[in-house]
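Comments concern the structure below.
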There are 2 protein chains.
Amino acid sequence: MSTTIDVPAETTSKNNIGNGIRKVPGAPPRPEGGWKKGLAIIDFVLRLGAIASALGAAATMATSDETLPFFTQFFQFEASYDSFSTFQYFVIAMAFVGGYLVLSLPFSIVTIIRLHAAGPRLFLIILDTVFLTIATSSAAAATAIVYLAHNGNQDSNWLAICNQFGDFCQAISGAVVASFVAVVLFVLLIVMCAVALRNH
Amino acid sequence: MSTTIDVPAETTSKNNIGNGIRKVPGAPPRPEGGWKKGLAIIDFVLRLGAIASALGAAATMATSDETLPFFTQFFQFEASYDSFSTFQYFVIAMAFVGGYLVLSLPFSIVTIIRLHAAGPRLFLIILDTVFLTIATSSAAAATAIVYLAHNGNQDSNWLAICNQFGDFCQAISGAVVASFVAVVLFVLLIVMCAVALRNH
């Protein structure tokens, strides 16, 4: 059983006189604070990267449409993301995740300035976990449809549409790749936040 | 700037004599340890629930197949999960997640016995995050295909197959629901682990 006491640095050095240990005034800052600050700054940079990939994925998917110059028996003139409800969910979810990440930046800055603030870190790790789930679900659902669009499915007679809509398929594939970059960055953010929380 | 000092309870009471405050010997244990133990036990119970839903989802999907008594121009005699690579991924990923959860149970028991051990908690939160991503991706990808099987897609001329394969569709829908139960339990596990880590 232990009690945690929050003592300002000056008080600590005064108390240490009694134990025969004296802190040298003007000593360099403890290395623990150093790597913690580095972790907080990397957290901020990774958030910027995740914003770019999430919003990039949403924008790429939202602008993907292709109109064919001809008409066949099976396919219509135009392929667009809003033909598929999965891709609509993808655009909404990725824009939502990007918006959350932008709003989380101030909290990330707080953890850089106040290294020992556990509150903002706990807040970030909980919301990061929720939005990781949203980002992963939209990315994986879109991947399943992109796979079908490329390969089709013999048994259920779903034909591949990428033979006809090549540019459309390239756009949606790019969006899916960008969304998985955001997912990987989210996992790194949570792991780093947990490591920083452990050392409080 | 502040420094956190970890002082054992006995030392605190000795030090307090100088300040005129004395702790009563044999006082009841502090309530902090109580809720922490409760959190660790809930963690263990939630893990059992997540194992049941993950393995249940994998088993339901793996045993889903339906043979029709007739033959039509478009559909074959049999629908099975291994017609769809997404469902194959689902079965493998869910079995994998269930296996991880079983192996994580000893670490969960360690956190019940040793309430102040930060190492096992950090280990669990990092692996939980990774397996949350795997579980969510397989659940979402399967959901996208189940949605297509139920509703089809007009624009790409993918017909709904659930009119023909009703029992198959019920089985895969049930598996998807079970997998999302596992995802929700994973999110709760990570949040609880982060709260417990914060108070170390």
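Going through the structure tokens in order, the chains are called A, B, and so on, while each chain numbers its residues from 1 and the ligands are numbered from 1 in the order shown.
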
> In region 22-192 of chain A, what's strand (DSSP E or B) per DSSP? Answer as an NGL selection string?
Replying inline: :A and (65-67 or 78-80 or 153 or 158)

Please produce a file of those selected residues containing C-alpha atoms, as a tab-separated table (two decimals), in the first residue's frame.
chain	number	residue	atom	x	y	z
A	65	ASP	CA	-16.78	8.75	-60.05
A	66	GLU	CA	-16.36	7.67	-63.61
A	67	THR	CA	-18.66	7.99	-66.58
A	78	GLU	CA	-21.70	6.04	-64.34
A	79	ALA	CA	-19.95	4.56	-61.31
A	80	SER	CA	-19.82	6.70	-58.21
A	153	ASN	CA	-17.51	-13.64	-56.73
A	158	TRP	CA	-21.30	-11.03	-58.71

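Among the candidates B:Phe165, B:Phe84, B:Tyr89, B:Phe107, the one nearest to chain A when counting only C-alpha atoms is B:Phe84.
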
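By only C-alpha atoms, and with residues fewer than 4 positions from Val176 (chain B) along its chain excluded, the set lying at most 7 Å from it is Ala57, Ala139, Ala142, Thr143, Ile172 and Phe180 of chain B.
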
Since we have the selection now, will you write its residues out, keeping C-alpha atoms, as a compact mmCIF listing (two decimals), in the first residue's frame?
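Ended up saving to again-v8.txt:
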# COMPACT_ATOMS: atom_id res chain seq x y z
CA ALA B 57 -18.93 -16.04 -34.09
CA ALA B 139 -16.52 -7.94 -38.33
CA ALA B 142 -18.20 -9.51 -43.10
CA THR B 143 -20.96 -6.96 -42.43
CA ILE B 172 -23.82 -15.32 -41.26
CA PHE B 180 -19.67 -6.95 -32.78

Give me the residues within 7 Å of Ala160 (chain B) as a PDB file with N, CA, C and O atoms, in the first residue's frame, counting only C-alpha atoms and dropping any in the same chain fewer than 3 places off.
ATOM      1  N   LEU B 148     -24.622  -6.873 -48.621  1.00  0.00           N
ATOM      2  CA  LEU B 148     -24.786  -7.119 -50.059  1.00  0.00           C
ATOM      3  C   LEU B 148     -25.643  -8.355 -50.298  1.00  0.00           C
ATOM      4  O   LEU B 148     -26.487  -8.374 -51.206  1.00  0.00           O
ATOM      5  N   ALA B 149     -25.424  -9.404 -49.484  1.00  0.00           N
ATOM      6  CA  ALA B 149     -26.180 -10.643 -49.666  1.00  0.00           C
ATOM      7  C   ALA B 149     -27.666 -10.397 -49.411  1.00  0.00           C
ATOM      8  O   ALA B 149     -28.529 -10.981 -50.074  1.00  0.00           O
ATOM      9  N   HIS B 150     -27.956  -9.519 -48.440  1.00  0.00           N
ATOM     10  CA  HIS B 150     -29.362  -9.221 -48.140  1.00  0.00           C
ATOM     11  C   HIS B 150     -29.978  -8.308 -49.187  1.00  0.00           C
ATOM     12  O   HIS B 150     -31.100  -8.533 -49.636  1.00  0.00           O
ATOM     13  N   ASN B 151     -29.242  -7.236 -49.568  1.00  0.00           N
ATOM     14  CA  ASN B 151     -29.847  -6.177 -50.368  1.00  0.00           C
ATOM     15  C   ASN B 151     -29.387  -6.146 -51.813  1.00  0.00           C
ATOM     16  O   ASN B 151     -30.076  -5.555 -52.656  1.00  0.00           O
ATOM     17  N   GLY B 152     -28.227  -6.747 -52.105  1.00  0.00           N
ATOM     18  CA  GLY B 152     -27.697  -6.648 -53.447  1.00  0.00           C
ATOM     19  C   GLY B 152     -27.272  -5.228 -53.757  1.00  0.00           C
ATOM     20  O   GLY B 152     -27.312  -4.341 -52.902  1.00  0.00           O
ATOM     21  N   ASN B 163     -32.623 -14.307 -50.885  1.00  0.00           N
ATOM     22  CA  ASN B 163     -33.919 -14.871 -51.263  1.00  0.00           C
ATOM     23  C   ASN B 163     -33.804 -16.377 -51.447  1.00  0.00           C
ATOM     24  O   ASN B 163     -34.711 -17.129 -51.099  1.00  0.00           O
TER      25      ASN B 163
END

> Residues at most 8 Å from Ser104 (chain A), counting only C-alpha atoms, excluding those fewer than 4 positions away in the same chain, as a ChimeraX atom specification?
Replying inline: /A:100,108,124

How would the residues just chosen look if you wrote them out with N, CA, C and O atoms as a CSV table (one decimal), in the first residue's frame?
chain,number,residue,atom,x,y,z
A,100,TYR,N,-12.6,14.6,-35.5
A,100,TYR,CA,-12.2,14.3,-34.1
A,100,TYR,C,-10.7,14.6,-33.9
A,100,TYR,O,-10.3,15.2,-32.9
A,108,SER,N,-3.6,17.3,-27.2
A,108,SER,CA,-2.2,16.8,-27.4
A,108,SER,C,-1.2,17.8,-27.0
A,108,SER,O,-0.1,17.5,-26.4
A,124,LEU,N,-7.7,11.3,-24.0
A,124,LEU,CA,-7.3,11.0,-25.4
A,124,LEU,C,-7.3,9.5,-25.7
A,124,LEU,O,-7.8,9.0,-26.7

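From CA of Val130 (chain A) back to CA of Ile109 (chain B), the distance works out to 25.6 Å.
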
>> Considering only C-alpha atoms, can you say which of B:Leu68, B:Ala171, B:Ala140, B:Ala50 comes closest to chain A?
In response: B:Ala140

>> For the structure I just gave you, how does DSSP split region 24-112 of chain A - specifically, which residues are helix (DSSP H, G or I)? Reply as JSON, numbers by chain.
In response: {"A": [31, 32, 33, 34, 35, 36, 37, 38, 39, 40, 41, 42, 43, 44, 45, 46, 47, 48, 49, 50, 51, 52, 53, 54, 55, 56, 57, 58, 59, 60, 61, 62, 81, 82, 83, 85, 86, 87, 88, 89, 90, 91, 92, 93, 94, 95, 96, 97, 98, 99, 100, 101, 102, 103, 104, 105, 106, 107, 108, 109, 110, 111, 112]}

> Please, what distance in Å, to one decimal, runs between CA of Asp155 (chain B) and CA of Ser83 (chain A)?
Replying inline: 6.2 Å

>> For Leu132 (chain A), find every residue with an atom within 12 Å (counting only C-alpha atoms), except residues of its own chain fewer than 6 positions away, and show them as a ChimeraX atom specification.
In response: /A:50,54,93-94,96-98,100-101,124-126,138-140,179-190 /B:129-137,183,186-187,190

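Separating CA of Gly174 (chain A) from CA of Ser64 (chain A) is a distance of 10.2 Å.
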
>> as a PyMOL selection string, please: the residues near Lys37 (chain A) (cut-off 10 Å, only C-alpha atoms, same-chain neighbours under 2 positions excluded).
In response: chain A and resi 31-35+39-43+111-115+196

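Minimum atom-to-atom distance to chain A, evaluated using only C-alpha atoms, belongs to B:Gln154 out of B:Gln154, B:Ser53, B:Ser173, B:Thr63.
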